[in-house]
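Trainee: Quick one: this structure, given as structure tokens, is what I'll be asking you about.
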Amino acid sequence: MRAGVETGRAQGAGVTEEGGDVRELLRPYRAGRLELANRLAMAPMTRGRADDVTGVPSPHAATYYRQRAGAGLLITEGVYVNALAKGGPGIPGLATDAQARGWREVTDAVHAEGGTIFAQLWHVGRMTHPLTLPDGELPVAPSAVAVEGSRIFTRDGLLDHVTPRALTVGEIGRTVGDFASAARRAIGAGFDGVEIHGANGYLIQQFIADNTNLRTDAYGGSVTGRLRFAMEVVEAVVAEVGADRVGLRISPDNAENQLAETDARTTYRALVDALDPLGLAYLHVLRNGAYAAIADLRTRWSGTLVANTNGPAPSSPDAGARLVRDGHADVIALGRLFMTNPDLPARLANGTPLAGPPTENVYGGGAEGYTDHPAATDDPRVPAVA
């Protein structure tokens, strides 16, 4: 979930030194229920500022998202769908009504500025620790495969990963239901839609990857089996809130959190072929591997495609503009530039130099490093683009 560092400076509205034309990103985008003021999305980014006991969003969250409502689409930080889905200290949830009421303050603030906001529904699977989970429970995963040689952040600092326990078939079904329930709460809290987090080495991708899914039942083995959980989650959420309110984020061939997908092209082509008829609001593709997933899957996806180029090169407005220009994407998701440039679309439109990515106070804390990055202008509106 933690976004890669974006770099770059606006060289003036229009063509940049890297050959991109940021005007491509400033034009409105309309498709189905999506009515976006521009083609810039704020990527989901962990900030770790929720109440760690209740999972209710920070009192500062409404300000943080309102400040960035000039983005065509805001995608929230990952929000846990049940108690075992929580990845670390300060992560917010959508597993209780109290959490949903906290998010209502955020959605009201964004809508007051004319913004559009989706909640990202998240289950981290093995990427958590008993100190983070209720009653010291073990993390859950498709199979009992531990992360080796790295540590995970907890309230007591960095600790070694533990070996997760494999979900039973019954627990898988209940987890699918928890995604649907969280989606229902999100819409009730005023979100315009939800994005299912199927990327970055978390639970859904743990089911997809063949080194973390060693199951021999219906949820493992073949490509169809390893995709079953992802499809069941998407279909359950669609049934709960409607396909035009649902996006899915994927990161094919992404080795993050020690995943290995030996034939990502075949696997994700099969996933996209199965998803395409559902009519989702969008597919969010993060490229972070050798497989050119954005260009390849664009040819198989008939709906809106949101792209993030988190690898091999960091995301930038220039790279995003080229993806839109070349027809590979409709909307571009940028991460850390939105942290320090809350009025990023207006800065790009006006040719205002961009602040660099943050180097401290990214995770946890209060307003510092969260809501205290200033806008470049008192007028965050984006000038009309011809």
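Residue names in the structure tokens use chain letters A, B, ... in the order shown, residue numbers from 1 in each chain, and ligand numbers from 1 in the order shown.
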Could you give me, as a ChimeraX atom specification, the residues within 8 Å of Ala83 (chain A), counting only C-alpha atoms and dropping anything in the same chain fewer than 2 positions from it?

Mentor: /A:80-81,85-86,95,133-134

Trainee: As a list in words, please: every residue in region 160-215 of chain A that DSSP puts in strand (DSSP E or B).

Mentor: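 Put together, the selection reads Asp160, Arg165, Ala166, Gly193, Val194, Glu195, Ile196, His197 and Gly198 of chain A.
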
Trainee: Take the residues that were just selected and, keeping N, CA, C and O atoms, output them as a PDB file, in the first residue's frame.

Mentor:
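Listed below is the output, part.pdb:
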```pdb
ATOM      1  N   ASP A 160       9.740  -9.324  13.805  1.00  0.00           N
ATOM      2  CA  ASP A 160       9.761 -10.371  12.787  1.00  0.00           C
ATOM      3  C   ASP A 160       8.338 -10.790  12.422  1.00  0.00           C
ATOM      4  O   ASP A 160       7.433 -10.809  13.268  1.00  0.00           O
ATOM      5  N   ARG A 165      -1.784 -18.521   9.601  1.00  0.00           N
ATOM      6  CA  ARG A 165      -2.534 -19.767   9.471  1.00  0.00           C
ATOM      7  C   ARG A 165      -3.404 -19.697   8.219  1.00  0.00           C
ATOM      8  O   ARG A 165      -3.861 -18.620   7.811  1.00  0.00           O
ATOM      9  N   ALA A 166      -3.622 -20.858   7.619  1.00  0.00           N
ATOM     10  CA  ALA A 166      -4.422 -20.915   6.397  1.00  0.00           C
ATOM     11  C   ALA A 166      -5.905 -20.757   6.719  1.00  0.00           C
ATOM     12  O   ALA A 166      -6.419 -21.357   7.672  1.00  0.00           O
ATOM     13  N   GLY A 193     -18.063   5.309  -4.372  1.00  0.00           N
ATOM     14  CA  GLY A 193     -17.800   3.945  -4.782  1.00  0.00           C
ATOM     15  C   GLY A 193     -16.714   3.356  -3.916  1.00  0.00           C
ATOM     16  O   GLY A 193     -16.240   3.976  -2.950  1.00  0.00           O
ATOM     17  N   VAL A 194     -16.315   2.137  -4.257  1.00  0.00           N
ATOM     18  CA  VAL A 194     -15.256   1.452  -3.512  1.00  0.00           C
ATOM     19  C   VAL A 194     -14.250   0.871  -4.494  1.00  0.00           C
ATOM     20  O   VAL A 194     -14.598   0.495  -5.614  1.00  0.00           O
ATOM     21  N   GLU A 195     -13.007   0.825  -4.054  1.00  0.00           N
ATOM     22  CA  GLU A 195     -11.955   0.143  -4.792  1.00  0.00           C
ATOM     23  C   GLU A 195     -11.505  -1.057  -3.968  1.00  0.00           C
ATOM     24  O   GLU A 195     -11.087  -0.905  -2.815  1.00  0.00           O
ATOM     25  N   ILE A 196     -11.586  -2.240  -4.536  1.00  0.00           N
ATOM     26  CA  ILE A 196     -11.119  -3.450  -3.884  1.00  0.00           C
ATOM     27  C   ILE A 196      -9.609  -3.552  -4.083  1.00  0.00           C
ATOM     28  O   ILE A 196      -9.118  -3.462  -5.213  1.00  0.00           O
ATOM     29  N   HIS A 197      -8.894  -3.731  -2.992  1.00  0.00           N
ATOM     30  CA  HIS A 197      -7.427  -3.777  -3.062  1.00  0.00           C
ATOM     31  C   HIS A 197      -6.994  -5.215  -3.363  1.00  0.00           C
ATOM     32  O   HIS A 197      -6.970  -6.071  -2.482  1.00  0.00           O
ATOM     33  N   GLY A 198      -6.633  -5.448  -4.617  1.00  0.00           N
ATOM     34  CA  GLY A 198      -6.162  -6.765  -5.033  1.00  0.00           C
ATOM     35  C   GLY A 198      -4.699  -6.768  -5.416  1.00  0.00           C
ATOM     36  O   GLY A 198      -4.273  -7.624  -6.198  1.00  0.00           O
TER      37      GLY A 198
END
```

Trainee: Calculated over only C-alpha atoms, which of the candidates A:Asp21, A:Asp326, A:Asp156, A:Asp244 has the smallest distance to Phe118 (chain A)?

Mentor: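 Selected residue with least distance to Phe118 (chain A): A:Asp244.
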
Trainee: Tell me, which residues of region 99-326 of chain A carry DSSP alpha helix (DSSP H), written as a ChimeraX atom specification?

Mentor: /A:99-112,169-188,203-208,223-241,264-275,293-298,317-325

Trainee: Rank A:Ala376, A:Ile332, A:Ile187, A:Ala119 by their smallest atom-to-atom distance to Leu344 (chain A), using only C-alpha atoms, and report the top residue only.

Mentor: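 Of all the options, A:Ala376 lies closest to Leu344 (chain A).
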
Trainee: May I ask which of the residues A:Leu305, A:Ala270, A:Leu259, A:Met45 is the closest one to Ser222 (chain A), counting only C-alpha atoms?

Mentor: A:Ala270

Trainee: Pick from A:Ala189, A:Ile208, A:Ala349, A:Ala61: nearest to Gly221 (chain A), with only C-alpha atoms counted?

Mentor: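 Among A:Ala189, A:Ile208, A:Ala349, A:Ala61, it is A:Ile208 that comes nearest to Gly221 (chain A).
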
Trainee: Here is a test: counting only C-alpha atoms, which residue of A:Ala367, A:Ala37, A:Ala199, A:Ile294 is nearest to Gly115 (chain A)?

Mentor: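 That would be A:Ala37, the residue with the smallest distance to Gly115 (chain A).
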